[in-house]
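Visitor: Once you've had a glance at the structure underneath, I'll fire off some questions.
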Amino acid sequence: QWWAELLAADPPRGAILVTNDRDEMMPLWYAQQVEGIRADLVGVFPGLLSGEEWAHVGAVLDQALATGRPAALIKPMPGIEVKVRLGAPDAVGLTPVDGPAVVRAPQQPENVAIGADLRLVGYDAAPRDLAPGETVQVDLQWQPLRRTPVNLTSFVHLQTLDGVRVAQSDHLLGGVFYPTSLWEPGETL
């Protein structure tokens, strides 16, 4: 039923539809091969083909974006936005993948090694000057220096000039869908 609704929402012609679970893609293939519906769509997931370029959802997204065709996630994948820039999901949850998450150098370069595995390239913060009650958004840019077998977390603390913490944000980097154990050396996330 869900796939019938997704296909009825008319995904872009020639789109590459991405998930992290092959079982979620099988109904599309059935619709295409048995019922002759939307043969123009391509459904992909990790492990579809052999090789590192298909090893995990981040690599699959790289393959999809490299084609130049429209790409979309078929379900929410919290954390994947460290890897790719996402558009707004449609009514059935199909979420456009608009390109890589990082498209420019950070406003505030840092170049801080975090152990032997990771480097903080820098950050963006907006607005730069805050008034009481305003919200600030802080985006960190990371580069893995090597593959790490563990999933790392980050924290950002906002303090007043006299050191009083007024806000904090602690996260598993990349969430469950693109954690640091999947990050590739040389990426900027």
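We label chains A, B, ... in the order they appear in the structure tokens, count residues from 1 in each chain, and number ligands from 1 in the order shown.
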Write out as an MDAnalysis selection string which residues come within 12 Å of Gly14 (chain A) when counting only C-alpha atoms, dropping same-chain ones fewer than 2 positions away.
Guide: chainID A and resid 10:12 16:17 38:43 64 67:72
Visitor: Quick one: contact table of region 33-144 of chain A to region 149-156 of chain A, 10 Å max, nearest atom pair and distance in Å to one decimal per residue, counting only C-alpha atoms, chain and number order, as CSV?
Guide:
```
residue,atom,partner,partner_atom,distance
A:Asp117,CA,A:Pro149,CA,9.8
A:Leu118,CA,A:Leu152,CA,9.5
A:Val138,CA,A:Val156,CA,8.2
A:Asp139,CA,A:Val156,CA,9.8
A:Leu140,CA,A:Val156,CA,9.2
```
Visitor: So the first atom is CA of Arg85 (chain A) and the second is CA of Val103 (chain A); what is the distance between them in Å, to one decimal place?
Guide: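 Result for CA of Arg85 (chain A) versus CA of Val103 (chain A): 9.4 Å, one decimal.
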Visitor: Report as a Markdown table: every residue of region 42-128 of chain A with an atom at most 7 Å from region 159-179 of chain A, its closest pair of atoms, and their distance in Å to one decimal, counting only C-alpha atoms, with rows sorted by chain and ascending residue number.
Guide:
```
| residue | atom | partner | partner_atom | distance |
| --- | --- | --- | --- | --- |
| A:Gly58 | CA | A:Tyr178 | CA | 6.6 |
| A:Met77 | CA | A:Phe177 | CA | 5.9 |
| A:Pro78 | CA | A:Gly175 | CA | 5.9 |
| A:Gly79 | CA | A:Gly175 | CA | 4.1 |
| A:Ile80 | CA | A:Tyr178 | CA | 5.5 |
| A:Val82 | CA | A:Gly174 | CA | 5.8 |
```
Visitor: Restricting the output to C-alpha atoms, write the selected residues as a PDB file, in the first residue's frame.
Guide:
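Written output follows (out_37.pdb):
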```pdb
ATOM      1  CA  GLY A  58      26.605   7.052   2.345  1.00  0.00           C
ATOM      2  CA  MET A  77      16.941   8.738   7.814  1.00  0.00           C
ATOM      3  CA  PRO A  78      17.807  11.033  10.725  1.00  0.00           C
ATOM      4  CA  GLY A  79      21.474  11.985  10.719  1.00  0.00           C
ATOM      5  CA  ILE A  80      22.031  11.468   6.976  1.00  0.00           C
ATOM      6  CA  VAL A  82      25.644  15.255   7.695  1.00  0.00           C
TER       7      VAL A  82
END
```
Visitor: Could you please write out, as an NGL selection string, every residue of chain A that DSSP assigns to alpha helix (DSSP H)?
Guide: :A and (2-8 or 22-33 or 57-66)
Visitor: Give me, as a list in words, all polymer residues having an atom no more than 6 Å from Gln141 (chain A), counting only C-alpha atoms and skipping those fewer than 6 positions away in the same chain.
Guide: Val121, Gly122, Tyr123 and Leu189 of chain A
Visitor: Just the residues within 12 Å of Ala8 (chain A), please, counting only C-alpha atoms, with nothing from its chain fewer than 2 positions along; format it as a list in words.
Guide: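 Near neighbours after the sequence-gap exclusion: Gln1, Trp2, Trp3, Ala4, Glu5, Leu6, Asp10, Pro11, Pro12, Ile37, Arg38, Asp90, Ala91, Val92 and Leu94 of chain A.
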Visitor: Could you please take those selected residues and save N, CA and C atoms as a PDB file, in the first residue's frame?
Guide:
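out-v8.pdb, written as the output of this step:
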```pdb
ATOM      1  N   GLN A   1       0.820  -1.190   0.000  1.00  0.00           N
ATOM      2  CA  GLN A   1       0.000   0.000   0.000  1.00  0.00           C
ATOM      3  C   GLN A   1       0.874   1.269   0.000  1.00  0.00           C
ATOM      4  N   TRP A   2       1.924   1.256   0.861  1.00  0.00           N
ATOM      5  CA  TRP A   2       2.798   2.427   0.946  1.00  0.00           C
ATOM      6  C   TRP A   2       3.457   2.703  -0.400  1.00  0.00           C
ATOM      7  N   TRP A   3       3.955   1.661  -1.070  1.00  0.00           N
ATOM      8  CA  TRP A   3       4.576   1.870  -2.371  1.00  0.00           C
ATOM      9  C   TRP A   3       3.557   2.355  -3.405  1.00  0.00           C
ATOM     10  N   ALA A   4       2.336   1.859  -3.344  1.00  0.00           N
ATOM     11  CA  ALA A   4       1.304   2.330  -4.272  1.00  0.00           C
ATOM     12  C   ALA A   4       1.085   3.824  -4.075  1.00  0.00           C
ATOM     13  N   GLU A   5       1.059   4.278  -2.810  1.00  0.00           N
ATOM     14  CA  GLU A   5       0.891   5.712  -2.527  1.00  0.00           C
ATOM     15  C   GLU A   5       2.103   6.507  -2.999  1.00  0.00           C
ATOM     16  N   LEU A   6       3.298   5.959  -2.774  1.00  0.00           N
ATOM     17  CA  LEU A   6       4.513   6.656  -3.198  1.00  0.00           C
ATOM     18  C   LEU A   6       4.533   6.811  -4.722  1.00  0.00           C
ATOM     19  N   ASP A  10       3.821  10.341  -7.883  1.00  0.00           N
ATOM     20  CA  ASP A  10       4.554  10.665  -9.109  1.00  0.00           C
ATOM     21  C   ASP A  10       5.973  11.183  -8.866  1.00  0.00           C
ATOM     22  N   PRO A  11       6.882  10.309  -8.389  1.00  0.00           N
ATOM     23  CA  PRO A  11       8.286  10.717  -8.242  1.00  0.00           C
ATOM     24  C   PRO A  11       8.838  11.229  -9.574  1.00  0.00           C
ATOM     25  N   PRO A  12       9.851  12.091  -9.537  1.00  0.00           N
ATOM     26  CA  PRO A  12      10.420  12.622 -10.789  1.00  0.00           C
ATOM     27  C   PRO A  12      10.834  11.494 -11.740  1.00  0.00           C
ATOM     28  N   ILE A  37       5.029  -1.133 -13.852  1.00  0.00           N
ATOM     29  CA  ILE A  37       4.815   0.228 -13.361  1.00  0.00           C
ATOM     30  C   ILE A  37       6.152   0.929 -13.148  1.00  0.00           C
ATOM     31  N   ARG A  38       6.299   2.125 -13.671  1.00  0.00           N
ATOM     32  CA  ARG A  38       7.421   3.047 -13.425  1.00  0.00           C
ATOM     33  C   ARG A  38       8.798   2.393 -13.591  1.00  0.00           C
ATOM     34  N   ASP A  90       7.777  15.030   0.599  1.00  0.00           N
ATOM     35  CA  ASP A  90       6.435  15.219   0.057  1.00  0.00           C
ATOM     36  C   ASP A  90       5.408  14.560   0.983  1.00  0.00           C
ATOM     37  N   ALA A  91       4.166  14.497   0.569  1.00  0.00           N
ATOM     38  CA  ALA A  91       3.082  13.999   1.416  1.00  0.00           C
ATOM     39  C   ALA A  91       3.260  12.543   1.822  1.00  0.00           C
ATOM     40  N   VAL A  92       3.951  11.745   1.012  1.00  0.00           N
ATOM     41  CA  VAL A  92       4.152  10.330   1.360  1.00  0.00           C
ATOM     42  C   VAL A  92       5.533  10.072   1.951  1.00  0.00           C
ATOM     43  N   LEU A  94       8.634  10.929   0.559  1.00  0.00           N
ATOM     44  CA  LEU A  94       9.762  10.895  -0.372  1.00  0.00           C
ATOM     45  C   LEU A  94      10.535  12.201  -0.210  1.00  0.00           C
TER      46      LEU A  94
END
```
Visitor: Grab the CA of Thr95 (chain A) to CA of Thr180 (chain A) distance for me, in Å with one decimal place.
Guide: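 Computing the Euclidean distance for CA of Thr95 (chain A) and CA of Thr180 (chain A) yields 22.6 Å.
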Visitor: For Gly115 (chain A), please output as a list in words all residues within 12 Å (counting only C-alpha atoms; exclusion window: fewer than 6 positions along the same chain).
Guide: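 Residues meeting the cut-off are Pro144, Leu145, Arg146, Thr148 and Leu152 of chain A.
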Visitor: For the structure I just gave you, how does DSSP split chain A - specifically, which residues are strand (DSSP E or B)? Reply as a PyMOL selection string.
Guide: chain A and resi 16-18+42-44+71-73+84-86+95-100+108-114+118-126+137-144+153-159+165-172
Visitor: Please compute the CA of Ala101 (chain A)-CA of Lys83 (chain A) distance, one decimal, in Å.
Guide: 5.3 Å
